[in-house]
Every structure is written in C-alpha cells, then in structure tokens.
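Data block for my_file13.csv (CSV, C-alpha atoms):
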```csv
chain,number,residue,atom,x,y,z
A,1,MET,CA,12.3,80.0,11.4
A,2,ILE,CA,8.9,81.9,11.6
A,3,LEU,CA,8.7,85.6,10.8
A,4,LEU,CA,6.2,87.8,12.6
A,5,ASP,CA,5.3,91.4,11.5
A,6,GLY,CA,6.3,94.6,13.2
A,7,ALA,CA,4.5,97.0,15.5
A,8,MET,CA,1.0,98.1,14.6
A,9,GLY,CA,1.1,101.2,16.7
A,10,THR,CA,4.5,102.4,15.3
A,11,THR,CA,3.3,101.7,11.8
A,12,ILE,CA,0.1,103.7,12.3
A,13,SER,CA,1.9,106.7,13.8
A,14,ASN,CA,5.1,106.8,11.8
A,15,ILE,CA,4.0,105.7,8.4
A,16,TYR,CA,0.4,106.8,8.3
A,17,LYS,CA,0.8,109.8,10.7
A,18,ILE,CA,-2.4,109.1,12.6
A,19,GLU,CA,-2.2,110.7,16.1
A,20,ASP,CA,-5.2,108.9,17.6
A,21,LYS,CA,-3.7,107.3,20.7
A,22,CYS,CA,-6.2,104.4,20.7
A,23,ARG,CA,-5.1,102.5,17.6
A,24,GLU,CA,-7.5,99.7,18.3
A,25,LYS,CA,-10.4,102.1,17.7
A,26,LEU,CA,-9.3,102.2,14.1
A,27,ASN,CA,-10.6,98.6,13.8
A,28,TYR,CA,-14.0,100.3,13.8
A,29,THR,CA,-13.4,103.7,12.3
A,30,LYS,CA,-10.8,102.8,9.7
A,31,PRO,CA,-10.9,99.1,9.1
A,32,GLU,CA,-9.5,99.6,5.5
A,33,LEU,CA,-6.4,101.1,7.0
A,34,ILE,CA,-5.8,98.1,9.3
A,35,ASN,CA,-6.4,95.8,6.4
A,36,GLU,CA,-3.9,97.7,4.3
A,37,ILE,CA,-1.2,97.4,7.0
A,38,HIS,CA,-1.7,93.7,7.2
A,39,GLU,CA,-1.5,93.4,3.4
A,40,LYS,CA,1.8,95.4,3.4
A,41,TYR,CA,3.3,93.2,6.1
A,42,ILE,CA,2.3,90.1,4.0
A,43,ALA,CA,4.2,91.8,1.1
A,44,SER,CA,7.2,92.2,3.4
A,45,GLY,CA,7.4,88.4,3.7
A,46,VAL,CA,5.9,87.5,7.1
A,47,ASP,CA,4.5,84.1,8.0
A,48,CYS,CA,2.1,85.4,10.7
A,49,LEU,CA,0.2,88.6,11.3
A,50,LYS,CA,-0.6,90.0,14.8
A,51,ALA,CA,-4.1,91.4,15.1
A,52,ASN,CA,-4.6,95.0,16.2
A,53,THR,CA,-6.1,93.9,19.5
A,54,PHE,CA,-3.3,94.4,22.1
A,55,ASN,CA,-4.8,97.5,23.8
A,56,CYS,CA,-8.5,96.6,23.7
A,57,SER,CA,-8.8,95.9,27.4
A,58,LYS,CA,-11.3,98.0,29.4
A,59,GLU,CA,-8.3,99.3,31.4
A,60,ALA,CA,-6.5,100.4,28.3
A,61,LEU,CA,-9.6,102.0,26.8
A,62,ARG,CA,-10.3,103.9,30.0
A,63,ASN,CA,-6.7,105.2,30.0
A,64,TYR,CA,-7.2,106.5,26.5
A,65,GLY,CA,-10.4,108.2,27.5
A,66,GLU,CA,-12.4,105.8,25.3
A,67,ASN,CA,-15.6,103.9,26.1
A,68,GLU,CA,-14.5,100.8,27.9
A,69,GLU,CA,-17.7,99.0,26.8
A,70,LYS,CA,-16.1,98.8,23.3
A,71,ALA,CA,-13.5,96.3,24.4
A,72,TYR,CA,-15.3,93.3,22.9
A,73,GLU,CA,-16.2,95.1,19.7
A,74,TYR,CA,-12.7,96.5,19.0
A,75,ALA,CA,-11.1,93.2,19.8
A,76,PHE,CA,-13.5,91.2,17.6
A,77,LEU,CA,-13.1,93.5,14.7
A,78,GLY,CA,-9.3,93.5,15.0
A,79,ALA,CA,-9.2,89.7,15.1
A,80,GLU,CA,-11.6,89.4,12.2
A,81,ILE,CA,-9.7,91.8,9.9
A,82,CYS,CA,-6.4,90.0,10.7
A,83,ARG,CA,-7.9,86.5,10.2
A,84,LYS,CA,-9.3,87.4,6.8
A,85,VAL,CA,-6.0,88.8,5.4
A,86,ALA,CA,-4.0,85.9,6.8
A,87,LYS,CA,-6.4,83.3,5.4
A,88,LYS,CA,-6.2,85.1,2.0
A,89,TYR,CA,-2.5,84.4,1.8
A,90,ASN,CA,-2.5,81.1,3.6
A,91,LYS,CA,-0.7,82.6,6.6
A,92,LYS,CA,-1.5,82.5,10.3
A,93,SER,CA,-3.3,85.1,12.4
A,94,ILE,CA,-2.5,85.9,16.0
A,95,GLY,CA,-4.7,87.7,18.5
A,96,THR,CA,-2.7,89.5,21.1
A,97,PHE,CA,-3.4,90.8,24.6
A,98,CYS,CA,-1.8,91.3,27.9
A,99,LEU,CA,-4.2,92.0,30.8
A,100,PRO,CA,-6.8,89.6,32.1
A,101,ASP,CA,-9.9,91.2,30.5
A,102,LYS,CA,-12.9,88.9,29.7
A,103,ASP,CA,-14.5,91.1,27.0
A,104,GLN,CA,-11.2,91.6,25.2
A,105,ILE,CA,-10.4,87.9,25.2
A,106,ASP,CA,-13.9,86.9,24.1
A,107,GLY,CA,-13.7,89.4,21.2
A,108,ILE,CA,-10.4,87.9,20.1
A,109,LEU,CA,-11.6,84.3,20.4
A,110,ASP,CA,-14.9,85.1,18.6
A,111,GLY,CA,-12.9,86.8,15.8
A,112,ASN,CA,-11.5,83.3,15.3
A,113,VAL,CA,-7.8,84.0,14.9
A,114,ASP,CA,-5.5,80.9,14.5
A,115,ILE,CA,-3.3,81.6,17.6
A,116,ILE,CA,-3.6,83.6,20.8
A,117,MET,CA,-0.5,85.4,22.1
A,118,ILE,CA,-0.3,86.8,25.6
A,119,GLU,CA,2.5,89.3,25.1
A,120,THR,CA,4.4,91.9,27.0
A,121,ILE,CA,3.9,90.1,30.3
A,122,TYR,CA,5.6,92.4,32.7
A,123,ASN,CA,3.9,91.2,35.9
A,124,LEU,CA,4.0,87.6,37.0
A,125,ASN,CA,0.6,87.5,38.8
A,126,LYS,CA,-1.2,89.4,36.0
A,127,GLY,CA,0.4,87.1,33.4
A,128,LEU,CA,-0.8,84.0,35.2
A,129,GLN,CA,-4.3,85.6,35.6
A,130,SER,CA,-4.4,86.2,31.8
A,131,LEU,CA,-3.3,82.7,31.0
A,132,ASN,CA,-5.9,81.2,33.3
A,133,LEU,CA,-8.7,83.4,32.0
A,134,VAL,CA,-8.0,82.7,28.3
A,135,LYS,CA,-8.0,79.0,29.1
A,136,GLU,CA,-11.3,79.4,31.0
A,137,ARG,CA,-12.9,81.3,28.2
A,138,MET,CA,-11.8,78.7,25.6
A,139,LYS,CA,-13.2,75.9,27.8
A,140,GLU,CA,-16.5,77.8,28.0
A,141,LYS,CA,-16.6,78.2,24.2
A,142,LYS,CA,-15.4,74.6,23.6
A,143,LEU,CA,-12.2,75.9,21.8
A,144,LYS,CA,-8.6,74.9,22.1
A,145,LYS,CA,-6.3,77.3,20.3
A,146,PRO,CA,-2.6,77.3,20.6
A,147,LEU,CA,-1.1,79.9,23.0
A,148,MET,CA,2.1,81.9,22.6
A,149,ILE,CA,3.6,83.4,25.8
A,150,SER,CA,5.9,86.5,25.5
A,151,PHE,CA,7.4,88.4,28.4
A,152,ALA,CA,8.8,92.0,28.7
A,153,VAL,CA,12.0,92.1,30.7
A,154,ASN,CA,14.7,94.5,31.7
A,155,LYS,CA,18.4,94.3,30.8
A,156,ASP,CA,18.9,91.7,33.5
A,157,GLY,CA,16.2,89.4,32.2
A,158,LYS,CA,13.8,90.3,35.0
A,159,LEU,CA,10.0,91.0,34.7
A,160,TYR,CA,9.0,94.4,36.0
A,161,SER,CA,7.4,92.7,39.0
A,162,GLY,CA,11.0,91.7,40.0
A,163,GLU,CA,11.2,88.0,39.1
A,164,LYS,CA,13.9,86.6,36.8
A,165,LEU,CA,12.4,85.1,33.7
A,166,VAL,CA,14.6,82.0,34.0
A,167,ASP,CA,13.1,81.3,37.5
A,168,ILE,CA,9.4,81.6,36.6
A,169,TYR,CA,8.8,80.7,33.0
A,170,GLU,CA,7.9,77.1,33.9
A,171,ASN,CA,4.8,78.4,35.6
A,172,PHE,CA,3.3,79.1,32.1
A,173,ILE,CA,4.0,75.8,30.5
A,174,ASP,CA,1.0,73.5,29.8
A,175,ASP,CA,-0.6,71.6,26.9
A,176,TYR,CA,-1.9,74.9,25.4
A,177,ILE,CA,1.5,76.5,25.1
A,178,VAL,CA,3.4,76.3,21.8
A,179,SER,CA,6.0,79.0,22.3
A,180,ILE,CA,7.6,81.1,25.0
A,181,GLY,CA,9.8,84.2,24.4
A,182,ILE,CA,10.5,87.8,24.9
A,183,ASN,CA,9.2,91.0,23.3
A,184,CYS,CA,9.2,94.8,23.9
A,185,SER,CA,12.8,94.5,25.2
A,186,GLU,CA,16.3,95.1,23.9
A,187,LEU,CA,18.9,92.4,23.4
A,188,THR,CA,21.1,92.1,26.4
A,189,GLU,CA,23.1,89.3,28.0
A,190,GLY,CA,20.3,88.8,30.5
A,191,VAL,CA,17.9,88.3,27.7
A,192,ILE,CA,20.2,85.9,25.9
A,193,GLU,CA,20.6,83.9,29.1
A,194,ALA,CA,16.8,83.6,29.5
A,195,LEU,CA,16.3,82.5,25.9
A,196,LYS,CA,19.1,80.0,26.0
A,197,LYS,CA,17.6,78.4,29.1
A,198,ILE,CA,14.1,78.1,27.7
A,199,LYS,CA,15.5,76.6,24.5
A,200,LYS,CA,17.6,74.1,26.4
A,201,GLU,CA,15.0,73.0,28.9
A,202,THR,CA,11.8,72.8,26.8
A,203,ASN,CA,10.6,71.5,23.5
A,204,LEU,CA,8.7,74.7,22.8
A,205,LYS,CA,9.4,77.2,20.1
A,206,VAL,CA,11.3,80.2,21.4
A,207,SER,CA,10.3,83.7,20.2
A,208,PHE,CA,12.0,87.1,20.2
A,209,HIS,CA,10.4,90.3,18.8
A,210,PRO,CA,12.3,93.2,20.2
A,211,ASN,CA,11.9,97.0,20.2
A,212,SER,CA,14.0,99.2,17.9
A,213,ASP,CA,15.3,102.7,18.5
A,214,GLY,CA,15.3,103.5,14.8
A,215,ASN,CA,18.6,101.7,14.0
A,216,ILE,CA,17.3,99.1,11.6
A,217,LYS,CA,20.8,97.6,11.1
A,218,LYS,CA,21.2,97.0,14.8
A,219,PHE,CA,17.7,95.5,15.0
A,220,VAL,CA,18.5,93.0,12.2
A,221,LYS,CA,22.0,92.3,13.6
A,222,ASP,CA,20.6,91.5,17.1
A,223,ILE,CA,18.1,89.0,15.7
A,224,ASN,CA,20.6,87.3,13.5
A,225,ARG,CA,22.9,86.9,16.4
A,226,LEU,CA,20.3,84.8,18.1
A,227,LEU,CA,19.5,82.9,15.0
A,228,LYS,CA,23.2,82.1,14.6
A,229,ILE,CA,23.5,80.5,18.0
A,230,LYS,CA,20.1,78.7,17.4
A,231,VAL,CA,18.2,79.9,20.4
A,232,VAL,CA,15.1,81.4,18.7
A,233,ASP,CA,12.6,80.0,16.2
A,234,ILE,CA,10.1,82.9,15.9
A,235,VAL,CA,11.2,86.5,15.3
A,236,GLY,CA,9.7,89.8,14.4
A,237,GLY,CA,9.4,93.4,15.7
A,238,CYS,CA,7.8,95.2,18.6
A,239,CYS,CA,7.8,99.0,19.5
A,240,GLY,CA,9.6,101.2,17.1
A,241,THR,CA,9.5,98.7,14.2
A,242,ASP,CA,7.6,99.0,10.9
A,243,PHE,CA,7.6,97.6,7.3
A,244,ASP,CA,11.2,98.6,6.7
A,245,HIS,CA,12.5,96.6,9.7
A,246,ILE,CA,10.7,93.5,8.6
A,247,LYS,CA,11.7,93.8,5.0
A,248,MET,CA,15.4,94.2,5.9
A,249,LEU,CA,15.2,91.3,8.4
A,250,LYS,CA,13.6,89.1,5.6
A,251,MET,CA,16.3,90.2,3.2
A,252,SER,CA,19.0,89.2,5.7
A,253,PHE,CA,17.6,85.7,5.8
A,254,GLU,CA,17.6,85.4,2.0
A,255,GLU,CA,21.2,86.6,1.7
A,256,LYS,CA,22.3,83.6,3.8
A,257,LEU,CA,20.6,81.0,1.6
```
Could you render the structure from this file as structure tokens?
Amino acid sequence: MILLDGAMGTTISNIYKIEDKCREKLNYTKPELINEIHEKYIASGVDCLKANTFNCSKEALRNYGENEEKAYEYAFLGAEICRKVAKKYNKKSIGTFCLPDKDQIDGILDGNVDIIMIETIYNLNKGLQSLNLVKERMKEKKLKKPLMISFAVNKDGKLYSGEKLVDIYENFIDDYIVSIGINCSELTEGVIEALKKIKKETNLKVSFHPNSDGNIKKFVKDINRLLKIKVVDIVGGCCGTDFDHIKMLKMSFEEKL
C-alpha cells in the first residue's frame, strides 16, 4: 500500500489561514511555506508528495485574476520544491494537473518530479487531451515519466461529462500509465463498482484519495473498507483533508500490524 499526502489547498487555508485563492502563487511568494507543508506531510508518514501545481494552468490563473503567463513559472517552482523535499527523505514526488495546458505541463516536467498525475479528470475529452499533450511534451523533451490517472466522479461513478467510468477508463491505458483511480469524490457503491472493475481487469495500481467533510473517522473508515476488500493500492486525501487525516490514516494501518 502506498500513502499519498492530503490536500494542499485545504492545508493552506485551514491550517495556515492564508486566504489567497491562488495557492500555486505561493510557490513564488512563500516557497518556505510550501516546503514546510511537504515536510509535515513527510512527518505524517507519506510515501509520496503531490506538488503544489494543480491549478497552474492559464485558465485557472485567469479565473483567479492572476497573470496567466506565470503558468510555467508557478508549475516549475511547485514541482522543484516538492522534488527536493521528497528526494531528501527518499520519497517520490508527483506533479499534478488536470487541464491540457502546455506551459503548466512543461513547468512540471522541467521541475523534474518523479511521477506525473492527471487528476480530477471530470470530462472525458479534456482528460484525453491532457493525456495526449503530456505524452507529446515528454516525447519532445526525450522523457518518459510514469503517469497516474485519477478521475472525479459522482455517486453513480459517472464523470461530470456523463460517461460511466467503468465504460471509458480503458481509453486511458497505455505503456505510460502505472495507476488508475478516483479522487475528489466520496465513497459510494458506484465508486466501489468502478474501482473493483479496474482492479479486476487490469494489472495497474488502483488509487483512491477522496474528499472529506471534516469527519476524519469516516474518511479513515471509508479507505480502510476498500483496503479490506483489496481493491486499492494507493490512498490519500483530496479536498477537505490535511495533516490530521493522513496521520490518523497512517495510524490505522499500524494498528493492524
């Protein structure tokens, strides 16, 4: 079992009380803060750190009222900070993104993280565009980094573009892909159905890093339910999770030893 960290955005707003909506800008303005967060997640017992790169796309920066030309710089800095902390502790660094944005992807790749994760894929076509673009950019840079794929689905296990994950996940499988899973979602029977099918029909690692409504016990219980039936290999937290969620999740593993 591989343990991921929790949500960077939640940790910044809830623990550090920073209201700046563009958390990725902090890679430039407060790199020491991002470094500290990664260090604290390492102390919580994680195996992999997710870089603070998810919302570095030009579209996201425009929505925040930020300079979209900073997409590459913020992504590069976020990836670099994460890589350095992970390497210090012999852990893995993961650069994350969702939308097909060349500058953001180039920044993540040039920051030299170990793994790339396309996460919170809510739209089939955009997800495939993102996958094709990151492969294109790696080919251009003569790189081949492992890719993780993670979808956001509703309670019925459907992407927000309408497709059931069980029907479309095979479109994302190729030699680059090392894992497929779900994030930014709650545990439902539809989610369990999708994870079971992926586990049964592929040799890939299956991941699940869900949201939390603040009920840490439920968060831990839901993940351990999936571990008990052996349908997931990679777990962690998404929106609403912070250090406490990951610490309690890690403790629950140790109690079973």
Discussion item. Set the distance at 9 Å and use all atoms listed in the file: which residues neighbour Asp114 (chain A) once local chain neighbours fewer than 6 positions away are removed? I'd like the list as a PyMOL selection string.
Written reply: chain A and resi 83+92-95+145-146
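Residues in contact with Lys50 (chain A) at up to 9 Å, not including ones fewer than 3 positions away on its chain and judged by only C-alpha atoms, are A:Leu4, A:Asp5, A:Gly6, A:Ala7, A:Met8, A:His38, A:Thr53, A:Phe54, A:Ala79, A:Cys82, A:Lys92, A:Ser93, A:Ile94, A:Gly95, A:Thr96, A:Met117.
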Item to complete: Write out as number ranges by chain which residues come within 10 Å of Lys126 (chain A) when counting all atoms listed in the file, dropping same-chain ones fewer than 6 positions away.
Response: A: 98-100, 132, 161
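Neighbourhood of point (-7.0, 111.7, 25.5): residues with an atom at most 9 Å away, counting all atoms listed in the file, are A:Asp20, A:Lys21, A:Cys22, A:Asn63, A:Tyr64, A:Gly65, A:Glu66.
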Worksheet item: Nearest to Asp242 (chain A): which of A:Lys40, A:Lys144, A:Lys102, A:Lys158 is it, counting all atoms listed in the file?
Response: A:Lys40
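Separating CA of Lys139 (chain A) from CA of Ile198 (chain A) is a distance of 27.4 Å.
If you measure from each of A:Val113, A:Tyr176, A:Lys164, A:Gly190 to Lys135 (chain A) using all atoms listed in the file, the closest one turns out to be A:Tyr176.
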Worksheet, complete the sentence: The distance between CA of Ile216 (chain A) and CA of Gly240 (chain A) is 9.7 Å
Practice prompt. State, in Å with one decimal place, the distance from CA of Val231 (chain A) to CA of Val206 (chain A).
Written response: 7.0 Å
